[in-house]
4 protein chains.
Amino acid sequence: MDTLVKNVLADRYASPAMADLWSETGKIRLERKLWIAVMLAQKELGIAIPGEAISAYERVVDKIDLDSIRKREKETRHDVKARIDEFCELAGFQHIHKGLTSRDLTENVEQLQVAQALRMTIEKAVSSLSALGDCAERFRDLVLAGRTHNVPAQPTTLGKRFAMFGEEFILAIAELEHFINTYPVRGLKGAVGTQTDQITLFDGDLDKTSRLEASMLRHLGLPALMTSVGQVYPRSLDFALISKLYALSAAPSNFARTIRLMAGHEAASEGFAKGQTGSSAMPHKMNSRSCERIHGFRAILAGHVTMASALAGDQWHEGDVSCSVVRRVVLPDGFFAIDGLLNTFLSVLQQLTVYPAVIGQELEQYAPFLLTTTILMEAVKKGIGREDAHHLIKTHAVAEIETRRQSGNLENHLIDRLAADPNFPLDQSELERISHSIRNQTGNALRQIDSFLSSVSTLKARHPGYREYGAADIL
Amino acid sequence: MDTLVKNVLADRYASPAMADLWSETGKIRLERKLWIAVMLAQKELGIAIPGEAISAYERVVDKIDLDSIRKREKETRHDVKARIDEFCELAGFQHIHKGLTSRDLTENVEQLQVAQALRMTIEKAVSSLSALGDCAERFRDLVLAGRTHNVPAQPTTLGKRFAMFGEEFILAIAELEHFINTYPVRGLKGAVGTQTDQITLFDGDLDKTSRLEASMLRHLGLPALMTSVGQVYPRSLDFALISKLYALSAAPSNFARTIRLMAGHEAASEGFAKGQTGSSAMPHKMNSRSCERIHGFRAILAGHVTMASALAGDQWHEGDVSCSVVRRVVLPDGFFAIDGLLNTFLSVLQQLTVYPAVIGQELEQYAPFLLTTTILMEAVKKGIGREDAHHLIKTHAVAEIETRRQSGNLENHLIDRLAADPNFPLDQSELERISHSIRNQTGNALRQIDSFLSSVSTLKARHPGYREYGAADIL
Amino acid sequence: MDTLVKNVLADRYASPAMADLWSETGKIRLERKLWIAVMLAQKELGIAIPGEAISAYERVVDKIDLDSIRKREKETRHDVKARIDEFCELAGFQHIHKGLTSRDLTENVEQLQVAQALRMTIEKAVSSLSALGDCAERFRDLVLAGRTHNVPAQPTTLGKRFAMFGEEFILAIAELEHFINTYPVRGLKGAVGTQTDQITLFDGDLDKTSRLEASMLRHLGLPALMTSVGQVYPRSLDFALISKLYALSAAPSNFARTIRLMAGHEAASEGFAKGQTGSSAMPHKMNSRSCERIHGFRAILAGHVTMASALAGDQWHEGDVSCSVVRRVVLPDGFFAIDGLLNTFLSVLQQLTVYPAVIGQELEQYAPFLLTTTILMEAVKKGIGREDAHHLIKTHAVAEIETRRQSGNLENHLIDRLAADPNFPLDQSELERISHSIRNQTGNALRQIDSFLSSVSTLKARHPGYREYGAADIL
Amino acid sequence: MDTLVKNVLADRYASPAMADLWSETGKIRLERKLWIAVMLAQKELGIAIPGEAISAYERVVDKIDLDSIRKREKETRHDVKARIDEFCELAGFQHIHKGLTSRDLTENVEQLQVAQALRMTIEKAVSSLSALGDCAERFRDLVLAGRTHNVPAQPTTLGKRFAMFGEEFILAIAELEHFINTYPVRGLKGAVGTQTDQITLFDGDLDKTSRLEASMLRHLGLPALMTSVGQVYPRSLDFALISKLYALSAAPSNFARTIRLMAGHEAASEGFAKGQTGSSAMPHKMNSRSCERIHGFRAILAGHVTMASALAGDQWHEGDVSCSVVRRVVLPDGFFAIDGLLNTFLSVLQQLTVYPAVIGQELEQYAPFLLTTTILMEAVKKGIGREDAHHLIKTHAVAEIETRRQSGNLENHLIDRLAADPNFPLDQSELERISHSIRNQTGNALRQIDSFLSSVSTLKARHPGYREYGAADIL
């Protein structure tokens, strides 16, 4: 019976770098480096640890044999103990983990994984944002019928629509930046948070205990230390993290939803890889599979939010491990899901195809409807009462809607109807002039796009690493 | 970079049988069997399929090469197509998948996986229930201080407490039985649900289409067929499934919570594997790690409920694949989580240690408090007014509580206080007689336990397979 | 400071009958009736309760003064005590609540509210189903371009589309029927579930205790009694309830989503009340506000599922009240939300407007694409190789798509392209004949609709009360 | 039929100020003030609005007749229109809402409500934090057996335990501060976000449009304006808000859970209002009802997180109202729930009773177990091998545990056992000295408490308004 079941999110959707960070191997490597950093600091603070021991540990950091470790765990029934024994036997010394409890190791390493994954996520988000900015710029002037309630409402531009999603995306990225910039690490606090074991190791020297923690913090590269924490760091921090990952999914989801809708009108298509043409039987079918997948990741992240919410506020006394299996799922999977989502988002943005002719056709069809306010104003200038003008426009508009829907012919004859009405003061050419002005009726859209693009530039400058997240090759 | 990430739920917690069912290999095997069943039925209904072709397919059912299939998928960018090509090349024929769409294959196979996983889950649940019944029987008469709001309230027995959890568990099992007994399968409905492709294959013969579906249903061994479904079966079915798995976690979680609480009083312990003694530094620490883990699985399942809820009610027209990645996660992981939970529950039940002396000690301490109603009644029989008696009892009880808490001495002197009060009509011996009667004050508890045990027997008789789920060996 | 805040779901969306059932007044009335039923049964079983006392209580059942009760609660800080005192003072007797604990009253009354609300919900759901059936019948033959991934895929009929949603709806209704048919009530179990207090009242007579519970069950009109329950009935029952209400929202949500999509193509409109024309400024805007609202209710119910999931599996020992405030929210609000959703669904169904001309226009546009399989088959019959024919069709189809999207002219020239290709064996008239046959290409759709309609009839016959839920008048 | 159903969270649990802010009346007042602010700014920017009109509106701001407004809504079927008409008729002018869409009004007002509610919440949280700080100070030195897995582990102090919860609470408060300090308001963006209507009003003057928005922002007192938003502000902002409210519930929930556990050992009690003594029948029952209620609010907020998560990422094009009914529930109710939770938390903190004698008793009982590490070290100093010493300690500890649990006598004889063992190098007096040192074995706890108290002071200084949230009087 071959029961290997891979983590489907890591295997099919996340990037290798993200998968590696959360793999068993990746975690064990981080643990070993932390042990070494702690040994170095302890040695400096006077604990008798021979330099050659540290060198011996350093030499075997990457010698990771999962089978051997798993065998040890089966015997000792203690996962951390198994990893200590393995590392010590490889090095031929027994100097790691002095004065540490299991959580002194695992909490800090997991927070380090979170921090590294978060930095990766932010850079990848900025990469997507950059591509979204490019689309906003490319379609800056492409006027279309803005829709509310899925029904044409007023003119806008496609670039502005993308800037709208982009502004939301930037807000979510800023929240993640804030999180990583203030992320407090648990530190070496011992079994119930009082640091008793480290203090004992240092013969009661509280200052050395503090200096050891400071060293560890430098090693981790994180911004702050908690002080009064118990056995575990507060799980509301995990909830805050996961809920921010979820918030990051919102703008891509809104974007994807709109692309799915536009695809239904043949106004846009998420694009296809070379050689791919939807279904072989139905070559016209260019399905928005990737956009749909973005919504799938969003649903998964919503579930992770619920999982994390169950941990926050459920601590008994100084702590317990009811969170253990949950965090084994929700921390990696949350990052895998957002990673897969961002890969997919970037891929859609890079291959996005827009059909200006279809969009223009739609704009023409709805133009008189989209401009009734302007027509009303111009009519009033000619002397007709506002209420009278409004009544005439409404009557003809409703009749026009009824006719087009009953006939199935979606050409718009509102202009002709109004022109033909002797009571209405504007003539055909005046009305057509208004109707043709529609591409100039986008209000403040262009300045808004510029403002968005400027924010994109700021973020790109702050996270130059975004450039490494290039064309994603998704399944 | 070694990026293999295993599914942690399958790898660490679920049983091999459950992992196998949801493994890639397991799914491909079920797909191939379904293709063969459909070919056999199509042949019987007149489609030209040579018998030797079918035999050829049958011979290679278990020849599953995941690498080869993954390579094909990378080329065709279509997972089902890759699996069709692989199977055909192995068999040397091209007769599978006639008149089928991808979903005609995958929906039915996934429903079959659900049904098989559910049957396994029910049997494992009955196995746990059987062990819970044994505990209820074993501690049928062990009187303890029943607690509400975590504070002693009235006498009950430990067996009754277990029967209480057991009744809830039975309700949840019954819901799963009902689900599997009415579970409707999508069938072969084609691209939008009209069965056009099968009807074309049978030259417009609607009856043959129906008979083909009936054959497939027999192969699957499921109770019912949907009729008007679209491209996909309604995702509210997945939600119903996952929410019932969650409901199944409730009774074990309530049980586990109470064991964690009892362990805090040293009244019970979840037991330890041979040789295991908590922490080596602190040998007295018998942590309820398994019970805590049960709560972890519950949190994970709550997240799965949220994921599944995002799918139900989110269908566009005849269907799409925004559910795809979600179901790749939530169906296997939901079953892995409940499987791990039931393994853990069974293991706790099998190793449960109860300390009657500690429980008895606690009962003694609280006895007079637990019996104030009886004391009151007996006093009234002696002629004192009810309100006067109540006032005296309350005054002395509050004083006693205050004293014991201020002193830290938890012996209970309420009896002495009342006996010493000249206004109270019962003397020391009468009061002590009442106090000593506490083990007879468990009301209807024993009959309730018997009723519960009888329900357990019924379920065991209905699911004799439960016996195969013996002693779980958990990490 | 005027701080009255109404329950917005009850006030704006739920029906008066549902609001009344969950109002304070409604609940107090049910409590009083339960007390009276218990008194009658106790009297019959020999407890000394004068008949005139019972009559006195019966006379004041409807005299409900919330202010007076609230004042009592502020003094006693005990809500049930306040309601006991009020009722007794009104009646001039003190015979209610004998041998009962607070939960003996409240748990049973709340389960009764649930049962009554559920019956109302089922009938209202059947009323909506009936309206959906009418729509399926009305548009039985209206052929349209079935869509998957929001892109035209194969022909189907609008009636079949509605039957598809209807089948899902029926599955969810059946689950509610099953729930109410097996719903077990907690009964009179006392403080920790052992029935000690009732047994004491009957001087140890266990049979009388059982007969009292049986009487109460008859009064409630519910199907079953729990036996081994503790202070409270298992909260997994509340979770099961709320998750079934959520499942009921799925089919209406799928329906509503599709109407919102169709409205974007002007193919359908959810209809408007007389005199209403969207926005006065933009008379063409017929927004799917009601369908959007259905999705709002779905989101609310998803939140209720999470709330209820937090209760299931969180019991400590024999019970506590951490669930209290949650159930005060989730039970009424869950029913208000589903009630509002069903009101809205019914209203949309009753006013639904469909534009066959628009639908027909779309079908024409896509017809050749929707029929490429048929064209292929006919071509092969003329002697061309399957692969050659497929290559030609695909080449022309892709070219046609590119042209129409580049031009914005959505007329379909695939037929002309193929006819003009000397290598393709079918001529213009043959191809047009196929294209015109599209309205006969709906496979098994009509039989599926009939099957659905027959299920609707069965449900209507089983719940004749559905007729009372007529035209909903929604805000 | 009296169907008034009050919002139970507002009615029973939230403070009057919070209820008022979200009442219909409260919202209408804010709307009217916004209209007036906009008129003043428009007048200044040259729009012809007579000063006396503005005065007329100002005079009737507080004349709010809900019945009249509701009657208007029933006629117009448009809620904003109804409120415009009412206000205009009261004032006798028609100058409000110029160039505004409904969302220009409602989005900004709702964001203002959020901001005001958030400021109230932060101050109330700081008030609770202050009370928690007082408790940490009061029990700074009270040594107790710190527990992990609900089992005694190492000594700590009760003050440190409270500081542990307090540190988590401060992190969540800081998140809310950050949120309000960066909260961007939607502004006046028109129907699809392009500001077309305001621009038209100002005859195309984009600068005036900007200056109008800046004026409005000053009126709202909020920190930032969005630029590229559509019809609605991104709903991920609502999700961020609600998830931060949930995070705020975590520390109080952890605190409450621990108090519930301590109450089960009679080590602490949440305290009772004067005159209240649990149950009249069982005077010893001091139930942690308020702590349980805190957990109830947490469950409700978890549901609100799910509701809000359904909104984020579900926008179609420039916006729709599927979020409307959800936000009518989740914004007020989320704040009512956290308000009720904080009221309850504050009340528990103010009345918290701790029983040092019981805590001390427990500490004595477990002392030798809590100090095995120290005993080991001291034994090694006497020359015995570490492994030998460990083996002896473990053997005796396990035997001692077994004995105490089998006997029910929880006195600890580990010291006697070790002293009696001729192989163990420490004698009775040496061992007792170690055991008696337990109150000095709290490591760094006191410095940690001081660090926490200093953070509390900083927050109190930053939010002096916290003082107004005094003794909450809860039901």
# chains A, B, ... in the order shown; residues from 1 in each chain; ligands from 1
$ closest_atom_pairs --of "chain B" --to "chain A" --cutoff "6 Å" --atoms "only C-alpha atoms" --output "CSV"
residue,atom,partner,partner_atom,distance
B:Thr3,CA,A:Asp20,CA,4.6
B:Val5,CA,A:Ser23,CA,5.3
B:Lys6,CA,A:Lys6,CA,4.3
B:Asn7,CA,A:Asn7,CA,4.0
B:Ala19,CA,A:Thr3,CA,5.4
B:Asp20,CA,A:Thr3,CA,4.6
B:Ser23,CA,A:Val5,CA,5.3
B:Glu292,CA,A:Ser322,CA,4.2
B:Arg293,CA,A:Ser322,CA,5.1
B:His295,CA,A:Ser322,CA,5.8
B:Gly296,CA,A:Ser322,CA,5.0
B:Ala299,CA,A:Met307,CA,5.3
B:Ile300,CA,A:Met307,CA,5.5
B:Gly303,CA,A:Gly303,CA,4.1
B:His304,CA,A:Gly303,CA,5.8
B:Thr306,CA,A:Gly303,CA,4.9
B:Met307,CA,A:Gly303,CA,4.7
B:Ala310,CA,A:Ala299,CA,5.7
B:Ser322,CA,A:Glu292,CA,4.2
B:Cys323,CA,A:Gly296,CA,5.6
B:Val325,CA,A:Gly296,CA,5.7
B:Val326,CA,A:Gly296,CA,5.5
$ write_last_selection --atoms "all heavy atoms" --output "short mmCIF file (atom, residue, chain, number, x, y, z; two decimals), in the first residue's frame"
data_model
loop_
_atom_site.label_atom_id
_atom_site.label_comp_id
_atom_site.auth_asym_id
_atom_site.auth_seq_id
_atom_site.Cartn_x
_atom_site.Cartn_y
_atom_site.Cartn_z
N THR B 3 12.05 19.97 -2.06
CA THR B 3 10.81 20.64 -1.69
C THR B 3 9.65 19.68 -1.45
O THR B 3 8.51 20.09 -1.48
CB THR B 3 10.39 21.64 -2.77
OG1 THR B 3 10.25 20.91 -3.98
CG2 THR B 3 11.42 22.74 -2.92
N VAL B 5 6.92 18.25 0.28
CA VAL B 5 6.16 18.55 1.49
C VAL B 5 5.04 17.54 1.57
O VAL B 5 4.19 17.49 0.69
CB VAL B 5 5.61 20.00 1.47
CG1 VAL B 5 4.86 20.28 2.76
CG2 VAL B 5 6.73 20.99 1.27
N LYS B 6 5.06 16.73 2.61
CA LYS B 6 4.00 15.75 2.75
C LYS B 6 2.76 16.40 3.33
O LYS B 6 2.83 17.42 4.01
CB LYS B 6 4.46 14.63 3.70
CG LYS B 6 5.65 13.83 3.18
CD LYS B 6 5.89 12.63 4.10
CE LYS B 6 7.35 12.19 4.02
NZ LYS B 6 7.75 11.40 5.19
N ASN B 7 1.63 15.76 3.09
CA ASN B 7 0.40 16.18 3.75
C ASN B 7 0.51 15.76 5.20
O ASN B 7 0.52 14.57 5.52
CB ASN B 7 -0.80 15.50 3.09
CG ASN B 7 -2.11 15.92 3.72
OD1 ASN B 7 -2.26 15.86 4.95
ND2 ASN B 7 -3.06 16.33 2.91
N ALA B 19 -5.32 7.21 4.13
CA ALA B 19 -4.35 7.90 3.28
C ALA B 19 -4.35 7.28 1.89
O ALA B 19 -4.34 7.98 0.87
CB ALA B 19 -2.96 7.84 3.91
N ASP B 20 -4.39 5.97 1.85
CA ASP B 20 -4.34 5.28 0.56
C ASP B 20 -5.55 5.65 -0.31
O ASP B 20 -5.42 5.87 -1.52
CB ASP B 20 -4.32 3.77 0.78
CG ASP B 20 -4.08 3.03 -0.51
OD1 ASP B 20 -3.05 3.28 -1.15
OD2 ASP B 20 -4.94 2.22 -0.89
N SER B 23 -4.88 8.95 -1.82
CA SER B 23 -3.61 9.17 -2.52
C SER B 23 -3.87 9.27 -4.02
O SER B 23 -4.88 8.81 -4.53
CB SER B 23 -2.67 7.99 -2.23
OG SER B 23 -3.19 6.83 -2.85
N GLU B 292 -5.70 17.18 24.05
CA GLU B 292 -5.46 18.48 23.43
C GLU B 292 -5.44 18.35 21.91
O GLU B 292 -5.97 19.19 21.19
CB GLU B 292 -4.13 19.06 23.94
CG GLU B 292 -4.20 19.51 25.40
CD GLU B 292 -2.85 19.83 26.01
OE1 GLU B 292 -1.88 19.98 25.25
OE2 GLU B 292 -2.76 19.95 27.24
N ARG B 293 -4.85 17.27 21.44
CA ARG B 293 -4.80 17.07 19.99
C ARG B 293 -6.20 16.91 19.40
O ARG B 293 -6.48 17.36 18.28
CB ARG B 293 -3.96 15.82 19.69
CG ARG B 293 -3.76 15.59 18.22
CD ARG B 293 -2.94 14.36 17.96
NE ARG B 293 -1.55 14.56 18.32
CZ ARG B 293 -0.63 13.57 18.32
NH1 ARG B 293 -0.98 12.34 17.98
NH2 ARG B 293 0.61 13.83 18.66
N HIS B 295 -8.73 18.45 20.32
CA HIS B 295 -9.23 19.81 20.12
C HIS B 295 -8.57 20.49 18.93
O HIS B 295 -9.19 21.31 18.25
CB HIS B 295 -9.05 20.63 21.41
CG HIS B 295 -9.91 20.10 22.51
ND1 HIS B 295 -9.54 20.07 23.82
CD2 HIS B 295 -11.15 19.54 22.46
CE1 HIS B 295 -10.50 19.51 24.54
NE2 HIS B 295 -11.48 19.19 23.74
N GLY B 296 -7.33 20.12 18.67
CA GLY B 296 -6.68 20.63 17.47
C GLY B 296 -7.41 20.17 16.21
O GLY B 296 -7.69 20.97 15.31
N ALA B 299 -10.52 22.12 15.61
CA ALA B 299 -10.29 23.45 15.04
C ALA B 299 -10.04 23.36 13.54
O ALA B 299 -10.52 24.19 12.76
CB ALA B 299 -9.10 24.12 15.74
N ILE B 300 -9.31 22.33 13.15
CA ILE B 300 -9.04 22.15 11.71
C ILE B 300 -10.34 21.89 10.98
O ILE B 300 -10.61 22.47 9.91
CB ILE B 300 -8.04 21.00 11.52
CG1 ILE B 300 -6.66 21.44 12.02
CG2 ILE B 300 -7.97 20.56 10.06
CD1 ILE B 300 -5.64 20.30 12.07
N GLY B 303 -12.34 24.89 10.31
CA GLY B 303 -11.85 25.60 9.13
C GLY B 303 -12.33 24.95 7.84
O GLY B 303 -12.68 25.64 6.88
N HIS B 304 -12.39 23.63 7.83
CA HIS B 304 -12.91 22.95 6.64
C HIS B 304 -14.38 23.28 6.41
O HIS B 304 -14.82 23.38 5.27
CB HIS B 304 -12.71 21.44 6.78
CG HIS B 304 -11.27 21.02 6.73
ND1 HIS B 304 -10.78 19.91 7.37
CD2 HIS B 304 -10.19 21.60 6.14
CE1 HIS B 304 -9.47 19.81 7.15
NE2 HIS B 304 -9.09 20.83 6.42
N THR B 306 -15.75 26.10 7.05
CA THR B 306 -15.76 27.40 6.38
C THR B 306 -15.38 27.28 4.91
O THR B 306 -16.01 27.90 4.04
CB THR B 306 -14.79 28.37 7.10
OG1 THR B 306 -15.21 28.52 8.46
CG2 THR B 306 -14.78 29.73 6.43
N MET B 307 -14.36 26.48 4.63
CA MET B 307 -13.97 26.29 3.21
C MET B 307 -15.15 25.74 2.40
O MET B 307 -15.46 26.23 1.32
CB MET B 307 -12.81 25.30 3.10
CG MET B 307 -11.48 25.83 3.63
SD MET B 307 -10.14 24.60 3.38
CE MET B 307 -8.90 25.28 4.53
N ALA B 310 -17.89 28.12 1.58
CA ALA B 310 -17.62 29.07 0.51
C ALA B 310 -18.00 28.50 -0.85
O ALA B 310 -18.26 29.24 -1.79
CB ALA B 310 -16.14 29.47 0.52
N SER B 322 -14.03 26.97 -9.80
CA SER B 322 -13.48 27.72 -8.67
C SER B 322 -13.44 26.84 -7.42
O SER B 322 -12.73 27.13 -6.47
CB SER B 322 -14.29 29.00 -8.41
OG SER B 322 -15.62 28.68 -8.14
N CYS B 323 -14.20 25.75 -7.44
CA CYS B 323 -14.19 24.83 -6.30
C CYS B 323 -13.04 23.84 -6.35
O CYS B 323 -12.79 23.13 -5.37
CB CYS B 323 -15.51 24.06 -6.26
SG CYS B 323 -15.85 23.22 -7.81
N VAL B 325 -9.57 23.62 -6.48
CA VAL B 325 -8.46 23.54 -5.53
C VAL B 325 -8.98 23.38 -4.11
O VAL B 325 -8.36 22.72 -3.27
CB VAL B 325 -7.54 24.78 -5.68
CG1 VAL B 325 -8.27 26.06 -5.35
CG2 VAL B 325 -6.32 24.65 -4.79
N VAL B 326 -10.13 23.94 -3.83
CA VAL B 326 -10.70 23.83 -2.48
C VAL B 326 -11.04 22.37 -2.17
O VAL B 326 -10.71 21.86 -1.10
CB VAL B 326 -11.96 24.70 -2.35
CG1 VAL B 326 -12.40 24.75 -0.89
CG2 VAL B 326 -11.73 26.09 -2.89
#
$ select_by_dssp --residues "range 70-237 of chain B" --states "alpha helix (DSSP H)" --output "PyMOL selection string"
chain B and resi 70-76+79-91+102-138+158-182+196-201+206-220+236-237
$ residues_around --residues "His265 in chain B" --least-positions-apart "5" --cutoff "10 Å" --atoms "only C-alpha atoms" --output "number ranges by chain"
B: 259-260, 358-359, 362; D: 150-151, 264-265
$ residues_around --residues "His95 in chain D" --least-positions-apart "4" --cutoff "12 Å" --atoms "only C-alpha atoms" --output "list in words"
Trp35, Ile36, Val38, Met39, Leu40, Gln42, Lys43, Ile47, Ala48, Ile49, Pro50, Gly51, Glu52, Ala53, Ile54, Ser55, Ala56, Tyr57, Ile84, Asp85, Phe87, Cys88, Glu89, Ala91, Gly99 and Leu100 of chain D
$ closest_residue --among "A:Leu90, A:Met377, A:Leu171, A:Leu201" --to "Lys63 in chain A" --atoms "only C-alpha atoms"
A:Leu90
$ atom_distance --atom1 "CA of Asn181 in chain A" --atom2 "CA of Pro184 in chain D"
20.5 Å
$ atom_distance --atom1 "CA of Thr258 in chain A" --atom2 "CA of Pro234 in chain D"
14.2 Å
$ residues_around --residues "Gln198 in chain A" --least-positions-apart "6" --cutoff "12 Å" --atoms "only C-alpha atoms" --output "compact mmCIF listing (two decimals) with N, CA and C atoms, in the first residue's frame"
# COMPACT_ATOMS: atom_id res chain seq x y z
N VAL A 38 22.71 30.13 19.46
CA VAL A 38 22.58 30.17 20.92
C VAL A 38 23.88 29.70 21.58
N GLN A 42 26.07 31.72 24.17
CA GLN A 42 26.30 31.18 25.51
C GLN A 42 27.80 31.12 25.80
N LEU A 45 29.09 34.32 26.70
CA LEU A 45 28.64 34.75 28.03
C LEU A 45 29.20 33.85 29.13
N ILE A 47 29.56 30.32 29.27
CA ILE A 47 29.24 28.89 29.40
C ILE A 47 30.34 28.09 28.71
N HIS A 97 21.18 23.05 22.98
CA HIS A 97 19.92 23.01 23.73
C HIS A 97 20.13 23.21 25.23
N LYS A 98 21.22 23.86 25.62
CA LYS A 98 21.47 24.06 27.05
C LYS A 98 20.51 25.06 27.66
N GLY A 99 19.83 24.63 28.70
CA GLY A 99 18.90 25.52 29.37
C GLY A 99 17.67 25.86 28.53
N LEU A 100 17.50 25.13 27.45
CA LEU A 100 16.33 25.40 26.59
C LEU A 100 15.22 24.38 26.86
N THR A 101 13.99 24.80 26.69
CA THR A 101 12.89 23.85 26.61
C THR A 101 12.55 23.69 25.12
N ASP A 104 11.38 26.78 23.55
CA ASP A 104 12.40 27.81 23.32
C ASP A 104 12.99 27.65 21.92
N GLY A 187 11.24 34.57 22.17
CA GLY A 187 12.50 34.52 22.91
C GLY A 187 12.65 33.25 23.73
N LEU A 188 13.65 33.27 24.63
CA LEU A 188 14.00 32.10 25.44
C LEU A 188 13.39 32.29 26.82
N LYS A 189 12.19 31.77 27.02
CA LYS A 189 11.45 32.08 28.24
C LYS A 189 11.23 30.86 29.14
N GLY A 190 11.66 29.69 28.71
CA GLY A 190 11.53 28.53 29.58
C GLY A 190 10.12 27.97 29.63
N ALA A 191 9.91 27.08 30.60
CA ALA A 191 8.70 26.25 30.62
C ALA A 191 7.42 27.03 30.87
N GLY A 204 21.93 32.53 38.06
CA GLY A 204 21.12 33.62 38.59
C GLY A 204 21.42 34.98 37.98
N ASP A 205 22.26 35.03 36.98
CA ASP A 205 22.61 36.32 36.38
C ASP A 205 21.55 36.74 35.36
N LEU A 206 20.65 37.63 35.79
CA LEU A 206 19.54 38.04 34.93
C LEU A 206 20.03 38.80 33.70
N ASP A 207 21.11 39.55 33.85
CA ASP A 207 21.61 40.33 32.72
C ASP A 207 22.11 39.43 31.60
N LYS A 208 22.82 38.39 31.99
CA LYS A 208 23.30 37.48 30.94
C LYS A 208 22.13 36.85 30.18
N THR A 209 21.07 36.54 30.94
CA THR A 209 19.88 35.99 30.30
C THR A 209 19.35 36.96 29.25
N SER A 210 19.32 38.23 29.59
CA SER A 210 18.83 39.24 28.65
C SER A 210 19.77 39.35 27.46
N ARG A 211 21.09 39.31 27.73
CA ARG A 211 22.03 39.44 26.61
C ARG A 211 21.94 38.24 25.68
N LEU A 212 21.70 37.08 26.24
CA LEU A 212 21.54 35.90 25.39
C LEU A 212 20.33 36.08 24.46
N GLU A 213 19.25 36.55 25.02
CA GLU A 213 18.06 36.77 24.19
C GLU A 213 18.32 37.81 23.10
N GLY D 443 12.21 33.07 38.88
CA GLY D 443 13.03 33.57 37.78
C GLY D 443 12.90 35.06 37.57
N ASN D 444 12.57 35.41 36.36
CA ASN D 444 12.55 36.82 35.94
C ASN D 444 11.16 37.43 36.06
$ select_by_dssp --residues "range 109-189 of chain D" --states "strand (DSSP E)" --output "PyMOL selection string"
chain D and resi 143-148+151-157+184-185
$ closest_residue --among "A:Ala136, A:Ala240, A:Ala367, A:Leu217" --to "His178 in chain A" --atoms "only C-alpha atoms"
A:Ala240
$ residues_around --residues "range 144-147 of chain C" --least-positions-apart "6" --cutoff "6 Å" --atoms "only C-alpha atoms" --output "ChimeraX atom specification"
/B:317-318 /C:153-157,363
